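To be precise, the following lines are run-v5.cif, and they hold mmCIF, C-alpha atoms and all ligand atoms.
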```
data_start
#
loop_
_atom_site.label_atom_id
_atom_site.label_comp_id
_atom_site.auth_asym_id
_atom_site.auth_seq_id
_atom_site.Cartn_x
_atom_site.Cartn_y
_atom_site.Cartn_z
CA MET Z 1 39.94 171.65 253.58
CA THR Z 2 41.88 170.86 256.74
CA GLU Z 3 39.98 168.79 259.29
CA ARG Z 4 40.65 170.40 262.72
CA GLN Z 5 40.26 168.93 266.19
CA ILE Z 6 40.78 170.77 269.51
CA ILE Z 7 41.44 168.77 272.69
CA ILE Z 8 41.46 170.75 275.95
CA CYS Z 9 43.41 169.12 278.76
CA ARG Z 10 43.35 169.75 282.51
CA ASP Z 11 47.10 170.37 282.77
CA ALA Z 12 50.46 169.42 281.24
CA PRO Z 13 50.41 165.80 282.52
CA ASP Z 14 46.90 165.34 281.08
CA LEU Z 15 48.12 166.87 277.79
CA SER Z 16 50.99 164.36 277.69
CA ARG Z 17 48.64 161.48 278.36
CA ARG Z 18 46.15 162.55 275.68
CA ALA Z 19 49.01 162.98 273.20
CA ALA Z 20 50.41 159.55 274.12
CA GLU Z 21 47.02 157.93 273.58
CA GLN Z 22 46.75 159.66 270.20
CA PHE Z 23 50.28 158.50 269.28
CA VAL Z 24 49.49 154.87 270.16
CA ALA Z 25 46.17 154.94 268.31
CA MET Z 26 47.74 156.47 265.19
CA ALA Z 27 50.66 154.02 265.29
CA ARG Z 28 48.32 151.06 265.54
CA GLN Z 29 46.10 152.33 262.72
CA THR Z 30 48.99 153.34 260.42
CA LEU Z 31 51.01 150.18 261.01
CA GLY Z 32 47.90 148.14 260.26
CA ALA Z 33 47.37 150.00 257.01
CA HIS Z 34 50.92 150.66 255.79
CA GLY Z 35 53.28 148.57 257.95
CA ARG Z 36 55.30 151.65 258.94
CA PHE Z 37 54.67 154.76 261.06
CA THR Z 38 56.74 157.89 260.39
CA VAL Z 39 56.79 160.70 262.95
CA ALA Z 40 58.59 164.04 263.08
CA LEU Z 41 59.18 164.93 266.73
CA SER Z 42 59.01 168.39 268.25
CA GLY Z 43 61.73 169.93 270.35
CA GLY Z 44 61.27 172.23 273.31
CA SER Z 45 60.03 171.38 276.79
CA THR Z 46 56.31 170.68 276.33
CA PRO Z 47 56.72 167.34 274.53
CA LYS Z 48 59.17 165.97 277.13
CA GLY Z 49 56.24 164.66 279.17
CA LEU Z 50 54.86 162.89 276.12
CA TYR Z 51 58.21 161.27 275.31
CA ALA Z 52 58.60 160.12 278.92
CA LEU Z 53 55.12 158.55 278.83
CA LEU Z 54 55.82 156.80 275.53
CA ALA Z 55 58.91 155.31 277.18
CA ALA Z 56 56.88 153.99 280.12
CA ALA Z 57 55.79 150.35 280.00
CA GLU Z 58 52.11 151.41 279.94
CA PHE Z 59 52.60 152.88 276.46
CA ALA Z 60 55.88 151.48 275.12
CA SER Z 61 54.46 147.96 275.21
CA ARG Z 62 51.61 149.05 272.94
CA ILE Z 63 53.89 150.34 270.16
CA ASP Z 64 55.77 148.16 267.65
CA TRP Z 65 58.90 150.34 267.71
CA ALA Z 66 60.61 148.08 265.13
CA ARG Z 67 58.26 149.60 262.53
CA VAL Z 68 58.27 153.19 263.79
CA HIS Z 69 60.62 155.73 262.20
CA LEU Z 70 61.43 158.85 264.20
CA PHE Z 71 62.52 162.12 262.64
CA TRP Z 72 62.83 165.66 263.97
CA GLY Z 73 60.81 168.71 262.94
CA ASP Z 74 63.69 170.96 263.82
CA GLU Z 75 67.07 171.00 265.51
CA ARG Z 76 69.48 173.41 267.01
CA CYS Z 77 72.81 173.55 265.14
CA VAL Z 78 74.77 171.94 267.95
CA PRO Z 79 76.30 168.48 268.47
CA PRO Z 80 73.90 165.67 269.45
CA ASP Z 81 75.23 165.57 273.00
CA HIS Z 82 74.83 169.33 273.53
CA PRO Z 83 72.39 170.42 276.30
CA GLU Z 84 70.43 172.42 273.67
CA SER Z 85 70.09 169.49 271.26
CA ASN Z 86 66.53 168.31 270.54
CA TYR Z 87 67.99 164.93 269.67
CA ARG Z 88 69.65 164.72 273.09
CA MET Z 89 66.36 165.63 274.78
CA VAL Z 90 64.55 162.79 272.96
CA GLN Z 91 67.47 160.42 273.52
CA GLU Z 92 67.28 161.00 277.28
CA ALA Z 93 63.47 160.97 277.57
CA LEU Z 94 62.62 158.20 275.12
CA LEU Z 95 65.26 156.55 272.93
CA SER Z 96 67.43 155.39 275.83
CA LYS Z 97 64.40 153.60 277.32
CA ILE Z 98 62.81 151.77 274.38
CA GLU Z 99 63.84 149.03 271.97
CA ILE Z 100 63.94 150.92 268.68
CA PRO Z 101 66.44 150.00 265.94
CA SER Z 102 69.05 152.74 265.51
CA ALA Z 103 68.30 152.57 261.77
CA ASN Z 104 64.81 153.89 262.59
CA VAL Z 105 66.12 157.05 264.26
CA HIS Z 106 66.80 159.85 261.80
CA ARG Z 107 68.26 162.87 263.55
CA MET Z 108 69.19 166.15 261.91
CA THR Z 109 72.97 166.53 262.02
CA GLY Z 110 73.16 169.71 264.05
CA GLU Z 111 76.92 169.34 264.24
CA ASP Z 112 77.30 169.83 260.49
CA GLU Z 113 77.54 173.13 258.62
CA PRO Z 114 73.84 174.24 258.48
CA ALA Z 115 73.38 174.29 254.69
CA ARG Z 116 75.02 170.89 254.35
CA ALA Z 117 72.93 169.47 257.21
CA ALA Z 118 69.73 170.76 255.61
CA ALA Z 119 70.60 169.26 252.23
CA ARG Z 120 71.57 165.98 253.86
CA TYR Z 121 68.26 165.76 255.72
CA GLU Z 122 66.34 166.53 252.55
CA GLY Z 123 68.09 163.54 250.99
CA GLU Z 124 67.00 161.34 253.88
CA LEU Z 125 63.40 162.51 253.54
CA ARG Z 126 63.48 161.77 249.81
CA GLN Z 127 64.91 158.31 250.46
CA LEU Z 128 62.71 157.32 253.38
CA LEU Z 129 59.31 158.97 252.96
CA PRO Z 130 56.59 158.60 250.35
CA LEU Z 131 56.13 161.67 248.18
CA ARG Z 132 52.67 163.20 247.88
CA SER Z 133 52.40 165.84 245.13
CA GLY Z 134 56.18 165.59 244.94
CA VAL Z 135 56.70 166.47 248.63
CA PRO Z 136 57.61 164.06 251.49
CA SER Z 137 54.58 163.08 253.56
CA PHE Z 138 54.88 162.16 257.25
CA ASP Z 139 52.19 160.17 259.00
CA LEU Z 140 52.44 162.47 262.04
CA ILE Z 141 54.25 165.71 262.78
CA LEU Z 142 54.34 166.95 266.39
CA LEU Z 143 54.75 170.69 266.87
CA GLY Z 144 55.09 173.11 269.74
CA LEU Z 145 54.20 176.81 269.84
CA GLY Z 146 56.49 179.59 270.95
CA GLU Z 147 55.31 182.76 272.70
CA ASP Z 148 56.04 184.66 269.47
CA GLY Z 149 53.89 182.27 267.46
CA HIS Z 150 56.79 180.31 266.01
CA THR Z 151 56.59 176.59 265.46
CA ALA Z 152 59.39 174.15 264.69
CA SER Z 153 62.10 176.70 263.88
CA LEU Z 154 59.87 178.81 261.65
CA PHE Z 155 60.17 182.20 263.33
CA PRO Z 156 58.32 185.41 262.43
CA GLY Z 157 60.05 187.25 259.59
CA SER Z 158 62.47 184.43 258.78
CA ALA Z 159 63.26 183.34 255.23
CA ALA Z 160 62.65 179.74 256.33
CA LEU Z 161 59.01 180.64 256.96
CA THR Z 162 58.49 181.69 253.34
CA GLU Z 163 60.58 178.86 251.85
CA ARG Z 164 58.41 176.89 249.44
CA ALA Z 165 60.95 174.97 247.35
CA ARG Z 166 63.22 173.41 249.98
CA TRP Z 167 61.92 170.76 252.39
CA VAL Z 168 64.49 171.52 255.09
CA ALA Z 169 65.81 175.04 255.74
CA HIS Z 170 68.55 176.47 257.91
CA THR Z 171 67.95 179.75 259.65
CA TRP Z 172 69.77 182.19 261.94
CA VAL Z 173 67.61 183.13 264.93
CA GLU Z 174 68.93 186.49 266.15
CA LYS Z 175 67.15 186.55 269.50
CA LEU Z 176 68.37 183.06 270.31
CA ASP Z 177 71.84 183.76 268.89
CA SER Z 178 71.73 180.38 267.21
CA HIS Z 179 71.47 178.62 263.87
CA ARG Z 180 68.60 176.17 263.48
CA LEU Z 181 67.42 173.51 261.03
CA THR Z 182 63.71 173.13 260.34
CA LEU Z 183 61.16 171.38 258.18
CA THR Z 184 59.48 173.92 255.94
CA ILE Z 185 55.78 174.70 255.45
CA PRO Z 186 55.40 172.54 252.30
CA VAL Z 187 56.51 169.42 254.20
CA ILE Z 188 54.59 170.17 257.40
CA ASN Z 189 51.38 170.89 255.46
CA ASN Z 190 51.81 167.64 253.55
CA ALA Z 191 51.52 165.42 256.64
CA ALA Z 192 48.60 163.08 257.22
CA GLN Z 193 48.30 164.55 260.71
CA VAL Z 194 49.85 167.52 262.51
CA SER Z 195 49.39 167.76 266.28
CA PHE Z 196 50.29 170.88 268.26
CA LEU Z 197 51.13 170.34 271.93
CA VAL Z 198 50.66 173.64 273.78
CA SER Z 199 50.68 174.54 277.46
CA GLY Z 200 51.39 177.72 279.39
CA ALA Z 201 49.24 180.80 280.08
CA GLY Z 202 51.72 182.93 278.13
CA LYS Z 203 50.50 181.30 274.91
CA ALA Z 204 46.73 181.69 275.48
CA ALA Z 205 46.34 184.91 273.48
CA ILE Z 206 48.30 183.51 270.55
CA VAL Z 207 46.36 180.25 270.59
CA LYS Z 208 43.08 182.14 270.61
CA GLU Z 209 44.10 184.30 267.64
CA ILE Z 210 45.34 181.33 265.62
CA LEU Z 211 42.18 179.31 266.34
CA THR Z 212 39.74 182.16 265.66
CA ASP Z 213 41.36 184.55 263.16
CA SER Z 214 42.00 183.07 259.70
CA ALA Z 215 44.07 186.17 258.89
CA SER Z 216 46.52 185.54 261.75
CA ARG Z 217 50.08 186.28 260.75
CA TYR Z 218 51.75 184.02 263.30
CA PRO Z 219 53.94 181.32 261.73
CA ALA Z 220 51.93 178.58 263.47
CA ALA Z 221 48.78 179.94 261.77
CA GLN Z 222 50.24 178.80 258.44
CA ILE Z 223 50.05 175.16 259.50
CA ARG Z 224 47.06 173.79 257.58
CA PRO Z 225 47.64 170.23 256.31
CA ALA Z 226 46.30 170.26 252.74
CA HIS Z 227 45.14 166.64 252.80
CA GLY Z 228 45.41 165.87 256.49
CA ARG Z 229 44.14 166.46 259.96
CA LEU Z 230 45.20 169.25 262.31
CA CYS Z 231 44.89 168.64 266.04
CA TRP Z 232 45.51 171.12 268.86
CA ILE Z 233 46.17 169.43 272.20
CA ILE Z 234 46.04 172.33 274.64
CA SER Z 235 46.20 172.58 278.42
CA GLU Z 236 43.49 174.74 280.02
CA ASP Z 237 45.97 177.45 281.01
CA ALA Z 238 46.71 178.05 277.30
CA TYR Z 239 43.08 178.07 276.14
CA ARG Z 240 40.53 180.89 276.13
CA PRO Z 241 37.15 179.76 274.74
C1 LIG Z 301 62.40 173.91 269.63
C2 LIG Z 301 60.98 173.64 269.19
C3 LIG Z 301 60.18 174.90 269.29
C4 LIG Z 301 59.28 174.69 270.48
C5 LIG Z 301 58.60 175.96 270.90
C6 LIG Z 301 57.77 175.73 272.17
O1 LIG Z 301 63.34 173.41 269.02
O2 LIG Z 301 62.51 174.59 270.67
O3 LIG Z 301 60.88 173.03 268.04
O4 LIG Z 301 59.40 175.19 268.17
O5 LIG Z 301 58.30 173.71 270.14
O6 LIG Z 301 59.60 176.92 271.15
O7 LIG Z 301 58.67 175.31 273.17
P1 LIG Z 301 58.11 174.87 274.62
O8 LIG Z 301 57.34 173.61 274.39
O9 LIG Z 301 59.37 174.64 275.42
O10 LIG Z 301 57.25 175.99 275.11
#
```
Structure translated into structure tokens:
Amino acid sequence: MTERQIIICRDAPDLSRRAAEQFVAMARQTLGAHGRFTVALSGGSTPKGLYALLAAAEFASRIDWARVHLFWGDERCVPPDHPESNYRMVQEALLSKIEIPSANVHRMTGEDEPARAAARYEGELRQLLPLRSGVPSFDLILLGLGEDGHTASLFPGSAALTERARWVAHTWVEKLDSHRLTLTIPVINNAAQVSFLVSGAGKAAIVKEILTDSASRYPAAQIRPAHGRLCWIISEDAYRP
């Protein structure tokens, strides 16, 4: 049974701060227990504030980056310096401002042919992460929520959403006119902790359905870590009690 926590924040800056505090606390606890902290980062705009805070001295100094390994939950199939790249967003907000070994940064190769990039990333997960029930297990996966209920790059109706064998899928997103790479449900639901970071009034109805209706069909409603904790860090404008 998934343990679920809901944290309601005043606004986006408060959401970023709460998420940064959670990140530091989990890093400290996990490093103390296992000597390594593995995180899959979310793309999009909401987490930018978190990444900027983690880069600030107030938080960066509390994290032993030499033992943190950063991955991505999804990526746009573009080069790493492309304006749409999730890697570039994290590079600008965080990586360029902290002392983290380059060997600890594991980006998805959006510049590669999608199927090859997906297979390559699966190989990295197999090599770098512990397997739990035969599936890679992250310590923490950060996710966002789209206004159609997608998360990572698991969009409604996509084959990637129903993929249960592969750990990393590639998918064509018609409405975005772009190819994407994404972790699949088996990997996401195998994490020790999954934290959603959600702000924006346009998402309030979706959040309410996902939190209250176990039959919700939104992709994000399928995120239920089998052995882990699920946390929703939500700004007030995206929450309806
Ligand atoms: C991406 C993200 C995607 C994002 C949602 C929410 O690559 O864009 O992985 O799933 O988290 O679309 O995006 P916002 O945080 O910008 O609303």
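Of the residues under consideration (Z:Glu163, Z:Val173, Z:Thr109, Z:Ala205), Z:Glu163 shows the shortest atom-to-atom contact distance to Ile185 (chain Z) when counting only C-alpha atoms.
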Check: Contacts of region 130-139 of chain Z at 7 Å or less, counting only C-alpha atoms, minus same-chain residues fewer than 3 places along, as a list in words?
Finding: Phe37, Thr38, Val39, Leu125, Arg126, Val187, Asn190, Ala191, Ala192 and Gln193 of chain Z
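CA of Ala19 (chain Z) to CA of Leu50 (chain Z) spans 6.5 Å [interatomic distance, one decimal].
When all atoms listed in the file are used to measure the gap to ligand LIG 301 (chain Z), the shortest distance among Z:Ile63, Z:Met26, Z:Ala220, Z:Ile7 belongs to Z:Ala220.
With only C-alpha atoms and all ligand atoms as the atoms that count, the residue of Z:Leu53, Z:Ala159, Z:Leu41, Z:Ile98 with the shortest distance to ligand LIG 301 (chain Z) is Z:Leu41.
Residue nearest Val90 (chain Z), chosen from Z:Gly43, Z:Pro241, Z:Gly228, Z:Gly157 and counting only C-alpha atoms: Z:Gly43.
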Neighbourhood of ligand LIG 301 (chain Z) at 7 Å, counting only C-alpha atoms and all ligand atoms, reported as a PDB file with C-alpha atoms, keeping the file's coordinate frame:
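Written out: out_39.pdb:
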```
ATOM      1  CA  SER Z  42      59.010 168.390 268.250  1.00  0.00           C
ATOM      2  CA  GLY Z  43      61.730 169.930 270.350  1.00  0.00           C
ATOM      3  CA  GLY Z  44      61.270 172.230 273.310  1.00  0.00           C
ATOM      4  CA  SER Z  45      60.030 171.380 276.790  1.00  0.00           C
ATOM      5  CA  THR Z  46      56.310 170.680 276.330  1.00  0.00           C
ATOM      6  CA  PRO Z  47      56.720 167.340 274.530  1.00  0.00           C
ATOM      7  CA  GLY Z  73      60.810 168.710 262.940  1.00  0.00           C
ATOM      8  CA  ASP Z  74      63.690 170.960 263.820  1.00  0.00           C
ATOM      9  CA  GLU Z  75      67.070 171.000 265.510  1.00  0.00           C
ATOM     10  CA  ARG Z  76      69.480 173.410 267.010  1.00  0.00           C
ATOM     11  CA  ASN Z  86      66.530 168.310 270.540  1.00  0.00           C
ATOM     12  CA  LEU Z 143      54.750 170.690 266.870  1.00  0.00           C
ATOM     13  CA  GLY Z 144      55.090 173.110 269.740  1.00  0.00           C
ATOM     14  CA  LEU Z 145      54.200 176.810 269.840  1.00  0.00           C
ATOM     15  CA  GLY Z 146      56.490 179.590 270.950  1.00  0.00           C
ATOM     16  CA  HIS Z 150      56.790 180.310 266.010  1.00  0.00           C
ATOM     17  CA  THR Z 151      56.590 176.590 265.460  1.00  0.00           C
ATOM     18  CA  ALA Z 152      59.390 174.150 264.690  1.00  0.00           C
ATOM     19  CA  SER Z 153      62.100 176.700 263.880  1.00  0.00           C
ATOM     20  CA  VAL Z 198      50.660 173.640 273.780  1.00  0.00           C
TER      21      VAL Z 198
END
```
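When all atoms listed in the file are used to measure the gap to Thr184 (chain Z), the shortest distance among Z:Leu197, Z:Ala93, Z:Glu122, Z:His227 belongs to Z:Glu122.
Each of Z:Leu129, Z:Leu181, Z:Ala60, Z:Val68 was compared to Glu113 (chain Z) using only C-alpha atoms, and Z:Leu181 turns out to be the nearest.
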Item checked: Residues within 10 Å of Asp14 (chain Z), only C-alpha atoms, excluding chain neighbours under 6 positions, as a PyMOL selection string -> chain Z and resi 8+20+49-50+233-235
